[in-house]
Amino acid sequence: MSKIFDSHCHPQFPQYDADREEMIKRNLEQGVFMIAVGANLETSKQAIELANKYDGPPSPDGFGRAGIWATVGLHPDDIKDDFKIEDYRSLSSGKKVVAIGEVGLDYYRTPEEEKRTRQKEIFSQFIDLALETDKPLVLHCRNEKNGKSAHEDAIKILSGKGYPSPSLQFPGVAHSFTGTPEEADSYLKLGFILAFNGIITFTEEYDELVKFLPMNKILIETDAPYLAPEPYRGQRNEPGHVIEVAKKIAQLKNMDYEMVAKETFGNTQKLFKIHLPPEYKL
Ligand SMILES: [Zn+2]
């Protein structure tokens, strides 16, 4: 099996408290690389701790491998009154911090207009942080069910901030993409790439979009511990299950699994500017 990159997971979350080391070691040994995504201040710090722990050249026991990188961000559903962008700014300079996110707008779980306004204000501050630190954005946006489009608003805000920017070759990713084909198109025009996870293994809704998207516009992810793909649906998810997402894309695009794993690995490295240590071999 070739190496594969889970571009969005949460190995620092409490669902792994009982077996985190074992789970990470097992996945790294299978050649599964991961981006540990922060979803609030605490889980951003924990993501950095994990990334720093799994760093350096490979060792025979599988530890000390540079297989985990971190992001710092605040999930729109996790916004609290004491939010301060400075807290995130100081974390963002960590050497294994590769992106700002997940950040964005979630209208699925937030019907209140004033909360949505707050989400937009905070999203805007995180975009400024991404521009200031020259890091890509990991977007979490979800539309209201049969209602208002969070993606449309996010796209408007990003355009207002100057995206697509000529200086940003890879400005970010729309994680767990569940928007419309028109919204997908708008993200591509802003220079963003789209990430798919287990959802595409249990609904046909995104089949056409995946078939149509060029390979260099696709990332794969798990969003573990959530959204386990078929045939693990309903169980705790883990980074290695990203293999099932790659298999589904291979099937939809009539490609070899190995090619999907390889190309999405390269896309993830490009987006997050990840350079593996020269002594690193699989
Ligand atoms: Zn997530």
# chains A, B, ... in the order shown; residues from 1 in each chain; ligands from 1
call {"tool": "select_by_dssp", "arguments": {"residues": "range 96-189 of chain A", "states": "strand (DSSP E or B)", "output": "ChimeraX atom specification"}}
result
/A:97-103,106,137-139,142,172-174
call {"tool": "residues_near_ligand", "arguments": {"ligand": "ligand 1", "cutoff": "7 Å", "atoms": "only C-alpha atoms and all ligand atoms", "output": "PyMOL selection string"}}
result
chain A and resi 8-10+37+102+223
call {"tool": "closest_residue", "arguments": {"among": "A:Tyr54, A:Phe5, A:Phe126, A:Tyr206", "to": "Thr180 in chain A", "atoms": "only C-alpha atoms"}}
result
A:Tyr206
call {"tool": "closest_residue", "arguments": {"among": "A:Gln169, A:Gln269, A:Gln30, A:Ser186", "to": "Glu152 in chain A", "atoms": "only C-alpha atoms"}}
result
A:Ser186
call {"tool": "residues_around", "arguments": {"residues": "Lys95 in chain A", "least_positions_apart": "3", "cutoff": "9 Å", "atoms": "only C-alpha atoms", "output": "ChimeraX atom specification"}}
result
/A:48,52,92,98
call {"tool": "select_by_dssp", "arguments": {"residues": "range 93-231 of chain A", "states": "alpha helix (DSSP H)", "output": "VMD selection string"}}
result
chain A and resid 113 to 133 150 to 160 181 to 189 199 to 202 207 to 212
call {"tool": "write_last_selection", "arguments": {"atoms": "N, CA and C atoms", "output": "compact mmCIF listing (two decimals), in the first residue's frame"}}
result
# COMPACT_ATOMS: atom_id res chain seq x y z
N GLU A 113 -29.70 34.92 13.71
CA GLU A 113 -29.03 35.90 12.85
C GLU A 113 -27.85 36.56 13.57
N GLU A 114 -28.01 36.88 14.85
CA GLU A 114 -26.91 37.58 15.54
C GLU A 114 -25.70 36.68 15.72
N LYS A 115 -25.95 35.38 15.91
CA LYS A 115 -24.82 34.44 16.01
C LYS A 115 -24.12 34.30 14.66
N ARG A 116 -24.89 34.34 13.60
CA ARG A 116 -24.29 34.26 12.27
C ARG A 116 -23.43 35.50 12.00
N THR A 117 -23.90 36.64 12.46
CA THR A 117 -23.12 37.87 12.30
C THR A 117 -21.79 37.74 13.05
N ARG A 118 -21.86 37.20 14.26
CA ARG A 118 -20.64 36.98 15.05
C ARG A 118 -19.70 36.00 14.33
N GLN A 119 -20.26 34.94 13.76
CA GLN A 119 -19.43 33.98 13.01
C GLN A 119 -18.70 34.69 11.88
N LYS A 120 -19.40 35.59 11.20
CA LYS A 120 -18.78 36.30 10.07
C LYS A 120 -17.65 37.21 10.55
N GLU A 121 -17.88 37.91 11.67
CA GLU A 121 -16.84 38.80 12.22
C GLU A 121 -15.58 38.02 12.56
N ILE A 122 -15.78 36.88 13.21
CA ILE A 122 -14.63 36.08 13.64
C ILE A 122 -13.94 35.43 12.44
N PHE A 123 -14.72 34.97 11.49
CA PHE A 123 -14.16 34.41 10.26
C PHE A 123 -13.25 35.45 9.59
N SER A 124 -13.74 36.67 9.54
CA SER A 124 -12.98 37.75 8.92
C SER A 124 -11.63 37.96 9.63
N GLN A 125 -11.63 37.88 10.96
CA GLN A 125 -10.37 38.03 11.71
C GLN A 125 -9.40 36.89 11.41
N PHE A 126 -9.95 35.68 11.25
CA PHE A 126 -9.07 34.54 10.93
C PHE A 126 -8.52 34.65 9.51
N ILE A 127 -9.31 35.19 8.59
CA ILE A 127 -8.78 35.38 7.23
C ILE A 127 -7.60 36.35 7.28
N ASP A 128 -7.75 37.41 8.06
CA ASP A 128 -6.64 38.37 8.21
C ASP A 128 -5.41 37.67 8.77
N LEU A 129 -5.63 36.79 9.74
CA LEU A 129 -4.50 36.06 10.34
C LEU A 129 -3.81 35.17 9.29
N ALA A 130 -4.63 34.52 8.45
CA ALA A 130 -4.08 33.65 7.40
C ALA A 130 -3.24 34.48 6.42
N LEU A 131 -3.74 35.65 6.06
CA LEU A 131 -3.02 36.51 5.11
C LEU A 131 -1.73 37.02 5.74
N GLU A 132 -1.83 37.39 7.01
CA GLU A 132 -0.67 37.93 7.73
C GLU A 132 0.42 36.88 7.91
N THR A 133 0.03 35.63 8.15
CA THR A 133 1.01 34.57 8.40
C THR A 133 1.36 33.80 7.13
N ALA A 150 -24.25 29.24 3.60
CA ALA A 150 -23.04 29.67 4.32
C ALA A 150 -21.88 29.83 3.34
N HIS A 151 -21.85 28.95 2.33
CA HIS A 151 -20.77 29.02 1.34
C HIS A 151 -20.80 30.35 0.59
N GLU A 152 -22.02 30.74 0.17
CA GLU A 152 -22.15 32.00 -0.57
C GLU A 152 -21.60 33.17 0.24
N ASP A 153 -21.97 33.22 1.52
CA ASP A 153 -21.50 34.30 2.38
C ASP A 153 -19.98 34.23 2.56
N ALA A 154 -19.46 33.02 2.74
CA ALA A 154 -18.01 32.85 2.92
C ALA A 154 -17.27 33.32 1.67
N ILE A 155 -17.81 32.96 0.51
CA ILE A 155 -17.19 33.33 -0.76
C ILE A 155 -17.18 34.85 -0.92
N LYS A 156 -18.29 35.49 -0.51
CA LYS A 156 -18.38 36.95 -0.56
C LYS A 156 -17.30 37.59 0.34
N ILE A 157 -17.18 37.05 1.55
CA ILE A 157 -16.20 37.60 2.51
C ILE A 157 -14.78 37.42 1.96
N LEU A 158 -14.50 36.24 1.42
CA LEU A 158 -13.15 35.97 0.87
C LEU A 158 -12.84 36.89 -0.30
N SER A 159 -13.83 37.11 -1.18
CA SER A 159 -13.62 38.00 -2.32
C SER A 159 -13.32 39.41 -1.82
N GLY A 160 -14.06 39.83 -0.79
CA GLY A 160 -13.86 41.15 -0.20
C GLY A 160 -12.48 41.33 0.41
N PRO A 181 -22.83 22.59 -6.91
CA PRO A 181 -21.80 22.68 -7.96
C PRO A 181 -21.40 24.13 -8.23
N GLU A 182 -22.35 25.07 -8.13
CA GLU A 182 -22.04 26.49 -8.35
C GLU A 182 -21.09 27.00 -7.27
N GLU A 183 -21.34 26.57 -6.03
CA GLU A 183 -20.46 26.99 -4.93
C GLU A 183 -19.07 26.39 -5.11
N ALA A 184 -19.03 25.15 -5.58
CA ALA A 184 -17.74 24.50 -5.86
C ALA A 184 -16.97 25.34 -6.88
N ASP A 185 -17.67 25.76 -7.91
CA ASP A 185 -17.06 26.55 -8.97
C ASP A 185 -16.51 27.87 -8.43
N SER A 186 -17.28 28.52 -7.55
CA SER A 186 -16.81 29.78 -6.96
C SER A 186 -15.53 29.58 -6.15
N TYR A 187 -15.47 28.48 -5.39
CA TYR A 187 -14.23 28.21 -4.63
C TYR A 187 -13.05 28.01 -5.56
N LEU A 188 -13.27 27.27 -6.64
CA LEU A 188 -12.17 27.04 -7.58
C LEU A 188 -11.68 28.37 -8.15
N LYS A 189 -12.62 29.26 -8.43
CA LYS A 189 -12.24 30.57 -8.99
C LYS A 189 -11.43 31.39 -7.98
N ILE A 199 -18.47 10.93 3.59
CA ILE A 199 -19.81 11.24 3.09
C ILE A 199 -19.99 10.70 1.66
N ILE A 200 -18.94 10.79 0.85
CA ILE A 200 -19.10 10.34 -0.55
C ILE A 200 -19.20 8.83 -0.68
N THR A 201 -18.93 8.11 0.42
CA THR A 201 -19.08 6.65 0.36
C THR A 201 -20.50 6.21 0.70
N PHE A 202 -21.28 7.12 1.29
CA PHE A 202 -22.65 6.69 1.62
C PHE A 202 -23.75 7.55 1.01
N ASP A 207 -21.28 12.49 -6.48
CA ASP A 207 -20.63 11.68 -7.51
C ASP A 207 -20.29 12.49 -8.75
N GLU A 208 -21.24 13.28 -9.23
CA GLU A 208 -21.02 14.04 -10.46
C GLU A 208 -19.92 15.08 -10.28
N LEU A 209 -19.96 15.74 -9.12
CA LEU A 209 -18.95 16.77 -8.84
C LEU A 209 -17.56 16.16 -8.81
N VAL A 210 -17.43 15.03 -8.11
CA VAL A 210 -16.11 14.37 -8.01
C VAL A 210 -15.63 13.94 -9.39
N LYS A 211 -16.54 13.42 -10.20
CA LYS A 211 -16.17 12.97 -11.55
C LYS A 211 -15.65 14.14 -12.38
N PHE A 212 -16.28 15.30 -12.18
CA PHE A 212 -15.97 16.46 -13.01
C PHE A 212 -14.72 17.22 -12.57
call {"tool": "residues_around", "arguments": {"residues": "range 253-266 of chain A", "least_positions_apart": "4", "cutoff": "7 Å", "atoms": "only C-alpha atoms", "output": "mmCIF file with C-alpha atoms, in the first residue's frame"}}
result
data_model
loop_
_atom_site.group_PDB
_atom_site.id
_atom_site.type_symbol
_atom_site.label_atom_id
_atom_site.label_comp_id
_atom_site.auth_asym_id
_atom_site.auth_seq_id
_atom_site.Cartn_x
_atom_site.Cartn_y
_atom_site.Cartn_z
ATOM 1 C CA SER A 2 1.357 3.414 -0.838
ATOM 2 C CA ILE A 4 -1.708 8.356 1.921
ATOM 3 C CA PHE A 5 -2.558 11.722 3.499
ATOM 4 C CA LYS A 211 -16.170 12.975 -11.554
ATOM 5 C CA ILE A 218 -9.189 17.343 -4.760
ATOM 6 C CA LEU A 219 -8.058 16.512 -1.238
ATOM 7 C CA ILE A 220 -9.140 13.516 0.785
ATOM 8 C CA ALA A 246 -9.573 7.324 -2.018
ATOM 9 C CA LYS A 247 -11.079 4.051 -3.250
ATOM 10 C CA ILE A 249 -12.785 8.554 -5.828
ATOM 11 C CA LYS A 270 1.519 21.618 -1.894
#
call {"tool": "atom_distance", "arguments": {"atom1": "CA of Gln235 in chain A", "atom2": "CA of Ala39 in chain A"}}
result
21.2 Å
call {"tool": "closest_residue", "arguments": {"among": "A:Ala195, A:Ile68, A:Leu105, A:Leu50", "to": "Leu276 in chain A", "atoms": "only C-alpha atoms"}}
result
A:Ile68
call {"tool": "residues_around", "arguments": {"residues": "Glu144 in chain A", "least_positions_apart": "5", "cutoff": "10 Å", "atoms": "only C-alpha atoms", "output": "VMD selection string"}}
result
chain A and resid 106 to 111 149 to 151
call {"tool": "write_last_selection", "arguments": {"atoms": "N, CA and C atoms", "output": "PDB file, in the first residue's frame"}}
result
ATOM      1  N   ASP A 106     -21.213  28.202   9.920  1.00  0.00           N
ATOM      2  CA  ASP A 106     -22.070  27.014   9.976  1.00  0.00           C
ATOM      3  C   ASP A 106     -23.511  27.449  10.214  1.00  0.00           C
ATOM      4  N   TYR A 107     -24.311  27.462   9.147  1.00  0.00           N
ATOM      5  CA  TYR A 107     -25.711  27.876   9.257  1.00  0.00           C
ATOM      6  C   TYR A 107     -26.622  26.677   9.499  1.00  0.00           C
ATOM      7  N   TYR A 108     -26.038  25.501   9.409  1.00  0.00           N
ATOM      8  CA  TYR A 108     -26.842  24.286   9.598  1.00  0.00           C
ATOM      9  C   TYR A 108     -27.323  24.205  11.041  1.00  0.00           C
ATOM     10  N   ARG A 109     -26.386  24.482  11.955  1.00  0.00           N
ATOM     11  CA  ARG A 109     -26.709  24.367  13.378  1.00  0.00           C
ATOM     12  C   ARG A 109     -26.970  25.713  14.046  1.00  0.00           C
ATOM     13  N   THR A 110     -26.864  26.814  13.277  1.00  0.00           N
ATOM     14  CA  THR A 110     -27.034  28.143  13.876  1.00  0.00           C
ATOM     15  C   THR A 110     -28.103  28.950  13.150  1.00  0.00           C
ATOM     16  N   PRO A 111     -29.341  28.897  13.625  1.00  0.00           N
ATOM     17  CA  PRO A 111     -30.397  29.661  12.959  1.00  0.00           C
ATOM     18  C   PRO A 111     -30.394  31.152  13.332  1.00  0.00           C
ATOM     19  N   SER A 149     -27.310  30.039   2.336  1.00  0.00           N
ATOM     20  CA  SER A 149     -26.033  29.420   1.988  1.00  0.00           C
ATOM     21  C   SER A 149     -24.867  30.046   2.750  1.00  0.00           C
ATOM     22  N   ALA A 150     -24.247  29.240   3.602  1.00  0.00           N
ATOM     23  CA  ALA A 150     -23.041  29.675   4.324  1.00  0.00           C
ATOM     24  C   ALA A 150     -21.885  29.834   3.337  1.00  0.00           C
ATOM     25  N   HIS A 151     -21.849  28.945   2.328  1.00  0.00           N
ATOM     26  CA  HIS A 151     -20.768  29.016   1.341  1.00  0.00           C
ATOM     27  C   HIS A 151     -20.800  30.347   0.587  1.00  0.00           C
TER      28      HIS A 151
END
call {"tool": "atom_distance", "arguments": {"atom1": "CA of Gln251 in chain A", "atom2": "CA of Leu271 in chain A"}}
result
24.4 Å
call {"tool": "atom_distance", "arguments": {"atom1": "CA of Met215 in chain A", "atom2": "CA of Met34 in chain A"}}
result
19.6 Å
call {"tool": "closest_residue", "arguments": {"among": "A:Thr178, A:Gln12, A:Asn216, A:Ser44", "to": "Glu204 in chain A", "atoms": "only C-alpha atoms"}}
result
A:Thr178
call {"tool": "closest_residue", "arguments": {"among": "A:Gly94, A:Ala66, A:Lys25, A:Leu41", "to": "Asp82 in chain A", "atoms": "only C-alpha atoms"}}
result
A:Leu41
